[in-house]
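The next block is model.txt, given as compact mmCIF, C-alpha atoms and all ligand atoms.
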# COMPACT_ATOMS: atom_id res chain seq x y z
CA MET A 1 -76.65 46.38 -57.70
CA GLU A 2 -73.52 44.94 -59.29
CA SER A 3 -73.17 41.58 -61.02
CA ILE A 4 -73.35 38.38 -58.97
CA LYS A 5 -69.94 37.60 -60.51
CA GLU A 6 -68.61 40.07 -57.92
CA LEU A 7 -70.14 37.90 -55.19
CA TYR A 8 -69.00 34.47 -56.36
CA LYS A 9 -65.23 34.51 -56.58
CA VAL A 10 -62.78 31.64 -56.74
CA GLY A 11 -59.83 31.91 -54.39
CA ARG A 12 -57.68 30.42 -51.71
CA GLY A 13 -59.03 30.14 -48.14
CA PRO A 14 -59.27 30.58 -45.27
CA SER A 15 -60.77 34.06 -45.34
CA SER A 16 -61.97 36.20 -48.20
CA SER A 17 -61.53 39.43 -46.25
CA HIS A 18 -58.23 38.40 -44.61
CA THR A 19 -56.54 36.57 -47.49
CA MET A 20 -58.25 37.29 -50.82
CA GLY A 21 -58.76 41.03 -50.12
CA PRO A 22 -55.17 41.68 -48.92
CA GLU A 23 -53.83 39.54 -51.78
CA LYS A 24 -55.69 41.71 -54.25
CA ALA A 25 -54.43 44.94 -52.64
CA CYS A 26 -50.82 43.70 -52.67
CA ASN A 27 -51.07 42.61 -56.30
CA TYR A 28 -52.46 46.03 -57.22
CA MET A 29 -49.54 47.88 -55.56
CA LYS A 30 -46.93 45.50 -56.93
CA LEU A 31 -48.17 45.75 -60.51
CA LYS A 32 -48.67 49.51 -60.37
CA TYR A 33 -45.44 50.59 -58.64
CA SER A 34 -43.11 47.54 -58.74
CA GLY A 35 -41.02 48.43 -55.72
CA ASP A 36 -38.01 46.46 -54.52
CA ARG A 37 -39.37 46.19 -50.99
CA TYR A 38 -42.63 46.89 -49.15
CA LYS A 39 -44.02 47.60 -45.71
CA VAL A 40 -47.56 46.55 -44.85
CA THR A 41 -49.37 47.71 -41.71
CA LEU A 42 -52.48 45.79 -40.65
CA TYR A 43 -55.12 47.36 -38.40
CA GLY A 44 -58.19 46.18 -36.48
CA SER A 45 -59.46 42.71 -37.30
CA LEU A 46 -56.76 42.21 -39.96
CA SER A 47 -54.15 42.72 -37.25
CA LEU A 48 -55.89 40.81 -34.45
CA THR A 49 -56.73 37.70 -36.47
CA GLY A 50 -54.22 38.06 -39.31
CA LEU A 51 -51.92 35.29 -38.11
CA GLY A 52 -54.69 32.70 -37.70
CA HIS A 53 -56.27 33.78 -40.99
CA LEU A 54 -52.87 33.44 -42.77
CA THR A 55 -52.88 37.11 -43.88
CA ASP A 56 -49.12 37.41 -43.36
CA LYS A 57 -48.50 34.32 -45.48
CA VAL A 58 -50.41 35.61 -48.48
CA ILE A 59 -48.79 39.06 -48.24
CA LYS A 60 -45.31 37.50 -48.27
CA GLU A 61 -46.25 35.26 -51.20
CA VAL A 62 -47.27 38.26 -53.30
CA LEU A 63 -44.76 40.92 -52.25
CA GLY A 64 -41.64 38.91 -51.47
CA GLU A 65 -39.45 41.26 -49.43
CA VAL A 66 -41.89 42.83 -47.02
CA GLU A 67 -42.05 44.01 -43.41
CA ILE A 68 -45.44 43.33 -41.82
CA ILE A 69 -46.61 45.37 -38.83
CA PHE A 70 -49.54 44.14 -36.73
CA SER A 71 -50.76 47.45 -35.36
CA PRO A 72 -52.76 47.57 -32.11
CA ASP A 73 -54.73 50.51 -33.53
CA SER A 74 -58.08 50.32 -35.21
CA ILE A 75 -59.23 52.66 -37.95
CA ASN A 76 -62.69 54.17 -37.80
CA GLU A 77 -63.41 53.93 -41.52
CA HIS A 78 -63.35 50.12 -41.54
CA PRO A 79 -62.33 47.28 -39.17
CA ASN A 80 -60.28 45.64 -41.95
CA THR A 81 -57.77 48.30 -42.92
CA MET A 82 -54.24 47.97 -44.30
CA ASP A 83 -51.57 50.43 -45.46
CA ILE A 84 -49.08 49.41 -48.13
CA GLU A 85 -45.83 51.36 -48.52
CA VAL A 86 -43.72 50.87 -51.64
CA TYR A 87 -39.93 51.46 -51.56
CA LYS A 88 -37.50 51.75 -54.45
CA ASP A 89 -33.76 52.08 -53.75
CA ASP A 90 -34.69 52.62 -50.08
CA VAL A 91 -36.88 55.62 -50.93
CA LEU A 92 -40.58 55.54 -50.06
CA ILE A 93 -42.34 56.18 -53.38
CA ARG A 94 -45.97 55.48 -52.55
CA THR A 95 -48.36 54.72 -49.66
CA ASP A 96 -51.96 53.59 -50.21
CA ARG A 97 -54.64 52.58 -47.72
CA PHE A 98 -57.07 49.76 -48.48
CA TYR A 99 -60.23 48.48 -46.82
CA SER A 100 -61.04 44.78 -47.19
CA VAL A 101 -64.81 45.06 -47.18
CA GLY A 102 -65.82 41.38 -47.32
CA GLY A 103 -66.10 38.54 -49.82
CA GLY A 104 -62.63 39.34 -51.22
CA SER A 105 -63.60 42.86 -52.34
CA ILE A 106 -61.29 45.79 -51.57
CA VAL A 107 -61.77 49.54 -51.64
CA ARG A 108 -58.85 51.96 -51.97
CA ASP A 109 -59.07 54.94 -49.61
CA GLY A 110 -60.67 57.84 -51.45
CA GLU A 111 -62.54 55.65 -53.93
CA SER A 112 -66.23 54.81 -53.73
CA LYS A 113 -67.33 51.48 -52.25
CA SER A 114 -68.38 50.05 -55.57
CA THR A 115 -66.14 50.61 -58.56
CA THR A 116 -67.90 47.97 -60.62
CA ARG A 117 -70.74 48.46 -63.07
CA THR A 118 -74.35 48.39 -61.89
CA VAL A 119 -76.21 45.67 -63.74
CA TYR A 120 -79.47 45.41 -61.81
CA PRO A 121 -81.97 48.30 -61.79
CA HIS A 122 -83.41 47.17 -58.43
CA ASN A 123 -81.82 47.28 -54.99
CA THR A 124 -84.39 45.66 -52.70
CA PHE A 125 -86.22 42.34 -52.64
CA ASP A 126 -89.55 44.17 -52.74
CA GLN A 127 -88.62 45.93 -55.97
CA ILE A 128 -87.36 42.70 -57.53
CA LYS A 129 -90.45 40.79 -56.43
CA GLU A 130 -92.78 43.36 -57.95
CA TYR A 131 -90.84 43.31 -61.21
CA CYS A 132 -90.80 39.49 -61.34
CA LYS A 133 -94.54 39.28 -60.67
CA ASN A 134 -95.32 41.83 -63.39
CA GLU A 135 -93.04 40.14 -65.88
CA ASN A 136 -93.90 36.59 -64.80
CA LEU A 137 -90.25 35.73 -64.08
CA THR A 138 -88.63 33.41 -61.59
CA LEU A 139 -85.69 34.81 -59.63
CA SER A 140 -83.18 32.94 -61.77
CA GLU A 141 -84.83 34.26 -64.94
CA TYR A 142 -84.55 37.74 -63.43
CA VAL A 143 -80.80 37.20 -63.04
CA TYR A 144 -80.43 35.98 -66.63
CA ARG A 145 -82.34 38.98 -67.93
CA PHE A 146 -79.92 41.53 -66.46
CA GLU A 147 -76.55 39.80 -66.36
CA ASP A 148 -74.40 39.50 -69.50
CA ARG A 149 -74.75 36.60 -71.91
CA ASN A 150 -72.06 34.41 -70.38
CA ILE A 151 -73.56 34.33 -66.87
CA LYS A 152 -74.69 30.70 -67.13
CA PHE A 153 -71.24 29.71 -68.33
CA TYR A 154 -69.71 31.65 -65.41
CA LEU A 155 -72.02 29.95 -62.88
CA ARG A 156 -71.22 26.58 -64.42
CA GLY A 157 -67.55 27.28 -63.65
CA ILE A 158 -68.47 28.26 -60.08
CA TRP A 159 -70.42 25.02 -59.63
CA ASP A 160 -67.47 23.00 -60.95
CA VAL A 161 -65.15 24.63 -58.38
CA MET A 162 -67.68 23.95 -55.61
CA LYS A 163 -67.94 20.30 -56.59
CA SER A 164 -64.19 19.85 -56.70
CA SER A 165 -63.74 21.44 -53.28
CA ILE A 166 -66.28 18.95 -51.89
CA LYS A 167 -64.48 16.07 -53.60
CA ARG A 168 -61.05 17.15 -52.33
CA GLY A 169 -62.41 17.71 -48.82
CA LEU A 170 -64.00 14.24 -48.73
CA SER A 171 -60.77 12.60 -49.83
CA LYS A 172 -58.64 13.92 -46.97
CA GLU A 173 -58.05 12.90 -43.37
CA GLY A 174 -55.76 14.12 -40.62
CA ILE A 175 -55.21 17.39 -38.78
CA LEU A 176 -55.90 20.85 -40.13
CA PRO A 177 -53.00 23.33 -40.17
CA GLY A 178 -52.48 25.46 -37.04
CA GLU A 179 -52.16 25.16 -33.29
CA LEU A 180 -55.69 23.97 -32.57
CA GLN A 181 -55.01 20.45 -33.86
CA VAL A 182 -58.52 20.16 -35.30
CA LEU A 183 -59.27 16.81 -36.87
CA ARG A 184 -60.79 16.74 -40.36
CA LYS A 185 -64.27 15.20 -40.02
CA GLY A 186 -65.91 15.59 -43.45
CA LYS A 187 -64.88 12.20 -44.81
CA GLU A 188 -65.86 10.29 -41.68
CA LEU A 189 -69.17 12.11 -41.34
CA HIS A 190 -69.98 11.39 -44.99
CA HIS A 191 -69.27 7.70 -44.46
CA LYS A 192 -71.38 7.50 -41.28
CA ILE A 193 -74.36 9.33 -42.76
CA LYS A 194 -74.28 7.10 -45.84
CA LEU A 195 -74.33 4.00 -43.59
CA LEU A 196 -77.24 5.41 -41.60
CA GLU A 197 -79.16 6.03 -44.81
CA LEU A 198 -78.53 2.49 -46.01
CA LYS A 199 -79.75 1.05 -42.71
CA HIS A 200 -82.70 3.29 -41.94
CA GLY A 201 -83.42 5.02 -45.25
CA THR A 202 -83.04 8.36 -43.58
CA GLY A 203 -80.66 10.18 -41.29
CA LEU A 204 -78.72 13.36 -40.92
CA LYS A 205 -78.64 15.05 -44.27
CA LEU A 206 -75.49 14.71 -46.34
CA ALA A 207 -75.46 18.48 -46.81
CA ALA A 208 -73.71 18.69 -43.42
CA ALA A 209 -70.90 16.35 -44.50
CA TYR A 210 -70.39 18.30 -47.73
CA ALA A 211 -70.32 21.57 -45.79
CA TYR A 212 -67.62 20.09 -43.53
CA ALA A 213 -65.61 18.98 -46.57
CA VAL A 214 -65.57 22.45 -48.16
CA SER A 215 -64.98 24.27 -44.88
CA GLU A 216 -62.04 22.01 -44.10
CA GLU A 217 -60.59 22.72 -47.52
CA ASN A 218 -61.04 26.41 -46.80
CA ALA A 219 -59.39 26.12 -43.38
CA SER A 220 -56.35 24.49 -44.94
CA GLY A 221 -55.90 27.19 -47.59
CA GLY A 222 -57.55 25.21 -50.42
CA ILE A 223 -59.45 26.67 -53.38
CA VAL A 224 -63.10 27.52 -52.63
CA VAL A 225 -65.86 29.82 -53.86
CA THR A 226 -66.86 32.83 -51.78
CA ALA A 227 -70.54 32.09 -51.11
CA PRO A 228 -70.64 34.84 -50.01
CA THR A 229 -67.30 34.55 -48.14
CA CYS A 230 -64.60 31.93 -47.61
CA GLY A 231 -65.54 31.47 -43.93
CA ALA A 232 -69.09 30.59 -44.97
CA SER A 233 -68.12 28.78 -48.18
CA GLY A 234 -69.41 25.32 -47.16
CA ILE A 235 -73.13 26.00 -46.84
CA LEU A 236 -74.31 26.63 -50.40
CA PRO A 237 -72.21 23.89 -52.06
CA GLY A 238 -73.25 21.50 -49.27
CA VAL A 239 -76.94 22.11 -49.91
CA LEU A 240 -76.63 22.05 -53.71
CA GLN A 241 -74.61 18.82 -53.76
CA TYR A 242 -77.14 17.21 -51.42
CA LEU A 243 -79.95 18.30 -53.75
CA GLN A 244 -78.16 16.94 -56.79
CA ASP A 245 -77.44 13.58 -55.10
CA ASN A 246 -80.82 13.07 -53.50
CA HIS A 247 -83.21 14.77 -55.90
CA LEU A 248 -81.20 14.27 -59.09
CA PHE A 249 -81.27 17.90 -60.20
CA LYS A 250 -79.18 18.34 -63.34
CA ASP A 251 -76.33 20.85 -63.43
CA GLU A 252 -78.54 23.30 -65.41
CA LYS A 253 -81.02 23.39 -62.53
CA ILE A 254 -78.27 23.74 -59.94
CA ILE A 255 -77.10 26.79 -61.89
CA ASP A 256 -80.59 28.29 -61.52
CA GLY A 257 -80.20 27.74 -57.76
CA LEU A 258 -76.85 29.51 -57.81
CA ALA A 259 -78.41 32.44 -59.68
CA THR A 260 -81.19 32.79 -57.10
CA ALA A 261 -78.79 32.42 -54.19
CA GLY A 262 -76.58 35.04 -55.84
CA ILE A 263 -79.30 37.66 -55.93
CA ILE A 264 -80.01 37.06 -52.21
CA GLY A 265 -76.32 37.43 -51.34
CA ASN A 266 -76.09 40.52 -53.53
CA LEU A 267 -79.00 42.17 -51.71
CA VAL A 268 -77.32 41.61 -48.34
CA LYS A 269 -73.97 42.82 -49.67
CA HIS A 270 -75.53 45.92 -51.19
CA ASN A 271 -77.86 46.87 -48.34
CA ALA A 272 -75.97 45.61 -45.27
CA SER A 273 -72.71 43.68 -45.09
CA ILE A 274 -71.23 40.24 -45.72
CA SER A 275 -68.18 40.93 -43.55
CA GLY A 276 -67.74 39.26 -40.14
CA ALA A 277 -65.41 42.08 -39.11
CA GLU A 278 -68.10 44.62 -39.90
CA ALA A 279 -71.29 42.88 -38.73
CA GLY A 280 -70.40 39.59 -37.01
CA CYS A 281 -70.94 36.03 -38.16
CA GLN A 282 -74.62 36.70 -38.90
CA ALA A 283 -73.35 38.58 -41.97
CA GLU A 284 -71.38 35.58 -43.24
CA ILE A 285 -73.04 32.37 -42.05
CA GLY A 286 -76.49 34.02 -41.82
CA THR A 287 -76.24 35.30 -45.39
CA ALA A 288 -74.93 31.99 -46.73
CA CYS A 289 -77.79 30.13 -45.00
CA SER A 290 -80.27 32.56 -46.53
CA MET A 291 -78.75 32.06 -50.00
CA ALA A 292 -78.90 28.28 -49.66
CA ALA A 293 -82.51 28.32 -48.41
CA ALA A 294 -83.52 30.43 -51.43
CA ALA A 295 -81.64 28.11 -53.79
CA ASN A 296 -83.46 25.07 -52.38
CA SER A 297 -86.80 26.83 -52.80
CA GLU A 298 -85.96 27.83 -56.39
CA LEU A 299 -85.11 24.24 -57.31
CA PHE A 300 -88.43 23.01 -55.95
CA LYS A 301 -90.23 25.73 -57.92
CA HIS A 302 -91.66 27.50 -54.89
CA ASN A 303 -93.35 30.81 -55.62
CA ILE A 304 -91.46 34.04 -55.04
CA ASP A 305 -93.22 34.81 -51.73
CA THR A 306 -92.18 31.40 -50.39
CA ILE A 307 -88.61 31.95 -51.57
CA GLU A 308 -88.57 35.30 -49.81
CA TYR A 309 -89.84 33.73 -46.62
CA ALA A 310 -87.25 30.94 -46.78
CA ALA A 311 -84.44 33.48 -47.22
CA GLU A 312 -85.85 35.71 -44.49
CA LEU A 313 -86.31 32.83 -42.00
CA ALA A 314 -82.78 31.60 -42.59
CA LEU A 315 -81.24 35.01 -41.96
CA GLU A 316 -83.55 36.08 -39.12
CA HIS A 317 -82.55 33.19 -36.92
CA HIS A 318 -78.89 34.06 -37.21
CA LEU A 319 -79.41 37.63 -36.01
CA GLY A 320 -76.90 38.51 -33.33
CA LEU A 321 -74.53 35.67 -34.20
CA THR A 322 -71.05 36.75 -33.18
CA CYS A 323 -67.74 36.16 -34.92
CA ASP A 324 -65.30 34.65 -32.40
CA PRO A 325 -62.85 32.33 -34.15
CA ILE A 326 -60.52 30.68 -31.63
CA LEU A 327 -56.93 31.92 -32.04
CA GLY A 328 -58.09 33.57 -35.27
CA TYR A 329 -58.27 30.25 -37.16
CA VAL A 330 -61.29 29.82 -39.42
CA GLN A 331 -61.92 26.44 -37.78
CA ILE A 332 -63.77 26.66 -34.45
CA PRO A 333 -66.65 27.54 -34.51
CA CYS A 334 -66.61 28.14 -38.27
CA ILE A 335 -66.53 24.63 -39.75
CA GLU A 336 -69.29 23.17 -37.59
CA ARG A 337 -71.27 26.37 -38.04
CA ASN A 338 -71.28 25.80 -41.81
CA ALA A 339 -72.66 22.29 -41.34
CA VAL A 340 -75.41 23.39 -38.95
CA ALA A 341 -76.38 26.27 -41.24
CA ALA A 342 -76.62 23.92 -44.25
CA LEU A 343 -79.19 21.84 -42.34
CA ARG A 344 -80.96 24.97 -41.18
CA ALA A 345 -81.23 26.26 -44.76
CA LEU A 346 -83.06 23.08 -45.81
CA ASN A 347 -85.37 23.32 -42.80
CA ALA A 348 -86.12 27.00 -43.37
CA SER A 349 -87.04 26.31 -46.98
CA GLU A 350 -89.35 23.44 -45.99
CA LEU A 351 -91.05 25.44 -43.23
CA ALA A 352 -91.60 28.39 -45.55
CA VAL A 353 -93.87 26.29 -47.77
CA PHE A 354 -96.44 26.00 -45.00
CA LEU A 355 -96.30 29.46 -43.50
CA TYR A 356 -95.27 31.96 -46.18
CA ASP A 357 -98.67 33.66 -46.33
CA SER A 358 -98.85 34.44 -42.61
CA ARG A 359 -95.45 36.05 -42.06
CA LYS A 360 -94.97 39.60 -40.85
CA ILE A 361 -91.28 40.24 -41.56
CA SER A 362 -89.98 40.93 -45.06
CA PHE A 363 -86.56 39.93 -46.35
CA ASP A 364 -85.62 43.61 -46.74
CA ALA A 365 -86.56 44.27 -43.10
CA VAL A 366 -84.39 41.45 -41.78
CA VAL A 367 -81.43 42.60 -43.89
CA GLU A 368 -81.71 46.10 -42.44
CA THR A 369 -82.06 44.64 -38.94
CA MET A 370 -78.94 42.56 -39.48
CA LEU A 371 -76.92 45.64 -40.38
CA HIS A 372 -78.04 47.53 -37.28
CA THR A 373 -77.56 44.51 -35.04
CA GLY A 374 -74.04 44.13 -36.45
CA ARG A 375 -73.21 47.76 -35.75
CA ASP A 376 -74.45 47.32 -32.18
CA LEU A 377 -72.19 44.32 -31.56
CA ARG A 378 -69.15 45.25 -29.50
CA PRO A 379 -65.93 45.03 -31.55
CA HIS A 380 -65.01 42.00 -29.40
CA TYR A 381 -67.62 40.04 -31.34
CA ARG A 382 -66.58 41.11 -34.81
CA GLU A 383 -63.67 38.93 -35.94
CA THR A 384 -61.16 40.12 -33.39
CA SER A 385 -60.84 36.90 -31.35
CA GLU A 386 -61.23 39.05 -28.23
CA GLY A 387 -64.67 37.80 -27.17
CA GLY A 388 -66.95 34.78 -27.05
CA LEU A 389 -65.54 31.30 -27.66
CA ALA A 390 -62.14 32.75 -28.56
CA VAL A 391 -61.77 34.02 -24.97
CA TYR A 392 -63.55 31.28 -23.02
CA TYR A 393 -61.67 28.55 -24.86
CA ASN A 394 -58.41 30.08 -23.65
CA LYS A 395 -59.69 30.57 -20.10
CA VAL A 396 -60.88 26.99 -19.75
CA LYS A 397 -57.68 25.70 -21.33
CA SER A 398 -55.47 27.59 -18.91
CA LYS A 399 -57.29 26.35 -15.75
S1 LIG B 1 -67.04 32.87 -36.78
FE1 LIG B 1 -68.24 33.13 -38.68
S2 LIG B 1 -67.69 35.16 -39.52
FE2 LIG B 1 -66.17 34.60 -37.95
S3 LIG B 1 -64.45 33.69 -39.10
FE3 LIG B 1 -65.83 32.02 -38.45
S4 LIG B 1 -67.30 31.73 -40.14
FE4 LIG B 1 -66.28 33.72 -40.48
What would the structure in this file look like if it were written as structure tokens?
Ligand code: SF4
Amino acid sequence: MESIKELYKVGRGPSSSHTMGPEKACNYMKLKYSGDRYKVTLYGSLSLTGLGHLTDKVIKEVLGEVEIIFSPDSINEHPNTMDIEVYKDDVLIRTDRFYSVGGGSIVRDGESKSTTRTVYPHNTFDQIKEYCKNENLTLSEYVYRFEDRNIKFYLRGIWDVMKSSIKRGLSKEGILPGELQVLRKGKELHHKIKLLELKHGTGLKLAAAYAYAVSEENASGGIVVTAPTCGASGILPGVLQYLQDNHLFKDEKIIDGLATAGIIGNLVKHNASISGAEAGCQAEIGTACSMAAAANSELFKHNIDTIEYAAELALEHHLGLTCDPILGYVQIPCIERNAVAALRALNASELAVFLYDSRKISFDAVVETMLHTGRDLRPHYRETSEGGLAVYYNKVKSK
């Protein structure tokens, strides 16, 4: 498996596969061939939800003079495909095809899926668990053993970006960009939960408010961390900030949580998919929930079997979750879904403590199941806005 630095990336929302990936592809072509004009053709999910996901905006920002075609065709190789043509003096000098494979990663047609260096010798949770038990390592120590020396520094930077996206999200009110007229709720929710806690000593966990804050930042094109994607970027920071506030974990411990969550996300990315266009929302929100559950368990020093169960539980109960963003905006159901998944991650981790020794499903098994379930989902339910809430919202609205 590759470094977790390839999983955690800092970028502009609202969608790692629809904004960060295309942005990277356009930058590559611009730097390599420096044309005077460009033509970009978007296929599949990139075409169907490109407007709501602001794909056209980011392409124009990078390439300047560019014609963008939203093709009705889909390409078998990948649901997120784009062609970039480069012109100089009105002559076509180069055409390349790119696949935006999730989490902001791109693959150029003809190149292998992973062009980055392998840093981990193990590719399944079972292999990692066996190694950790033999070597008496926690999952975060496992990460530090194989990553390069600056990994803690890198994760510290990731945590700083997460915290500032929460802070920015909590400071804003008003309507999110786009036709849906969705009201920002993070700030208000944070205020209400705090009041409830003051009155009753307990209440809805603040993790939900933090998840709202980050997801609203993402929806408005703000800077977030892919954890593992932009669409699911609220869950892990929401849980970690809650843990820091309520259990006073220092930043060094939070970084251990990020390391553990990173290895969980990496396993899903390597063995299945973290792309909603490829495998539905289970691949994005389900994976993020699993990462956050594992991080919570790591911080409370649960043993590796309990961490595995927490991660497995969190992913298993997202199996089959479809991706159906209304009008292609990463707003409904995405923002609320981040908040619910943050709460679910905490619950999964708590439940795992009691039941880890009686489970029958391994983390590796649920990851494989997720991939096959995703492939079985009709394309309607894989980030095309042609099924689910995206359709029924419009039907109800037009009655
Ligand atoms: S429904 Fe899920 S996978 Fe689809 S855009 Fe929203 S968060 Fe991403």
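Here the question is which of A:Asn218, A:Ser164, A:Ser71, A:Thr373 gets nearest to Gly11 (chain A) using only C-alpha atoms, and that residue is A:Asn218.
Atom pair CA of Glu67 (chain A) / CA of Thr49 (chain A): separated by 17.4 Å.
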Counting only C-alpha atoms, which residues in region 44-131 of chain A sit no more than 12 Å from region 175-191 of chain A? For each one, give the nearest pair of atoms and the distance in Å, sorted by chain then residue number, as CSV.
residue,atom,partner,partner_atom,distance
A:Leu51,CA,A:Gly178,CA,9.9
A:Gly52,CA,A:Gly178,CA,7.6
A:His53,CA,A:Gly178,CA,10.0
A:Leu54,CA,A:Gly178,CA,9.8
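Considering all atoms listed in the file, the residue among A:Ala25, A:Ala279, A:Ala293, A:Ala259 positioned nearest to ligand LIG 1 (chain B) is A:Ala279.
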task = Can you pull out every residue within 9 Å of Tyr142 (chain A), counting all atoms listed in the file, but drop anything in the same chain fewer than 2 positions away, and send it as a count of residues only?
result = 13
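In this structure, CA of Glu216 (chain A) sits 10.2 Å away from CA of Asn338 (chain A).
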ask   = Please, which residues have at least one atom within 6 Å of an atom of ligand LIG 1 (chain B), using only C-alpha atoms and all ligand atoms, listed as number ranges by chain?
value = A: 231-232, 276, 280-281, 284-285, 323-325, 330, 333-334, 383
For CA of Arg344 (chain A) and CA of Phe125 (chain A), the interatomic separation in Å (one decimal) = 21.5 Å
request  = Pick out the residues sitting within 12 Å of Ser15 (chain A), and hand them over as a count of residues only; count only C-alpha atoms, and ignore anything fewer than 3 positions along from it in its own chain.
outcome  = 54
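Using only C-alpha atoms, the nearest neighbour of Glu130 (chain A) within the list A:Ile361, A:Ile304, A:Ala311, A:Leu206 is A:Ile304.
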query = From the set A:Leu346, A:Thr306, A:Ile4, A:Leu299, which residue has the shortest atom-to-atom contact distance to Asp251 (chain A), counting all atoms listed in the file?
reply = A:Leu299
query = Of the candidates A:Phe363, A:Phe153, A:Tyr381, A:Tyr33, which shows the shortest atom-to-atom distance to Leu258 (chain A), using all atoms listed in the file?
reply = A:Phe153
Selection near region 37-40 of chain A, 12 Å with all atoms listed in the file, sequence-local residues under 3 positions removed, as a VMD selection string = chain A and resid 22 to 23 25 to 27 29 to 30 33 to 34 43 46 to 47 55 to 56 58 to 60 62 to 71 81 to 98
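For the residues A:Ala272, A:Cys289, A:Ala209, A:Val391, ranking by smallest atom-to-atom distance to Leu170 (chain A) using only C-alpha atoms places A:Ala209 first.
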request  = Name all residues at most 10 Å from Leu351 (chain A) (count all atoms listed in the file; drop same-chain ones fewer than 5 positions away) and give them as a ChimeraX atom specification.
outcome  = /A:306,309-310,313,345-346,356
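A cut-off of 9 Å from the point (-75.0, 35.3, -49.5), with all atoms listed in the file, picks out the residues Leu7, Thr226, Ala227, Pro228, Thr229, Ala232, Leu236, Ala261, Gly262, Ile263, Ile264, Gly265, Asn266, Leu267, Val268, Lys269, Ile274, Ala283, Glu284, Ile285, Gly286, Thr287, Ala288, Cys289, Ser290, Met291 and Ala292 of chain A.
Once Met1 (chain A) and its same-chain neighbours fewer than 2 positions away are set aside, Thr118, Tyr120 and Asn123 of chain A remain within 6 Å of it when counting only C-alpha atoms.
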Could you rebuild region 56-60 of chain A with all heavy atoms and give me the result as a short mmCIF file (atom, residue, chain, number, x, y, z; two decimals), keeping the file's coordinate frame?
data_model
loop_
_atom_site.label_atom_id
_atom_site.label_comp_id
_atom_site.auth_asym_id
_atom_site.auth_seq_id
_atom_site.Cartn_x
_atom_site.Cartn_y
_atom_site.Cartn_z
N ASP A 56 -50.56 37.16 -43.17
CA ASP A 56 -49.12 37.41 -43.36
C ASP A 56 -48.54 36.51 -44.46
O ASP A 56 -47.73 36.94 -45.28
CB ASP A 56 -48.36 37.21 -42.05
CG ASP A 56 -48.60 35.83 -41.43
OD1 ASP A 56 -49.70 35.28 -41.61
OD2 ASP A 56 -47.67 35.31 -40.79
N LYS A 57 -49.01 35.28 -44.50
CA LYS A 57 -48.50 34.32 -45.48
C LYS A 57 -48.79 34.79 -46.91
O LYS A 57 -47.92 34.81 -47.77
CB LYS A 57 -49.15 32.95 -45.21
CG LYS A 57 -48.58 31.83 -46.02
CD LYS A 57 -49.10 30.49 -45.49
CE LYS A 57 -48.64 29.36 -46.37
NZ LYS A 57 -49.65 28.83 -47.25
N VAL A 58 -50.03 35.21 -47.13
CA VAL A 58 -50.41 35.61 -48.48
C VAL A 58 -49.70 36.91 -48.89
O VAL A 58 -49.29 37.07 -50.05
CB VAL A 58 -51.96 35.69 -48.62
CG1 VAL A 58 -52.53 36.97 -48.08
CG2 VAL A 58 -52.38 35.51 -50.05
N ILE A 59 -49.50 37.80 -47.93
CA ILE A 59 -48.79 39.06 -48.24
C ILE A 59 -47.35 38.75 -48.67
O ILE A 59 -46.85 39.29 -49.66
CB ILE A 59 -48.82 40.01 -47.02
CG1 ILE A 59 -50.24 40.53 -46.78
CG2 ILE A 59 -47.85 41.18 -47.21
CD1 ILE A 59 -50.41 41.32 -45.49
N LYS A 60 -46.71 37.86 -47.92
CA LYS A 60 -45.31 37.50 -48.27
C LYS A 60 -45.25 36.82 -49.63
O LYS A 60 -44.34 37.05 -50.41
CB LYS A 60 -44.73 36.56 -47.19
CG LYS A 60 -44.33 37.31 -45.93
CD LYS A 60 -43.82 36.34 -44.88
CE LYS A 60 -43.81 37.00 -43.51
NZ LYS A 60 -43.89 36.05 -42.41
#
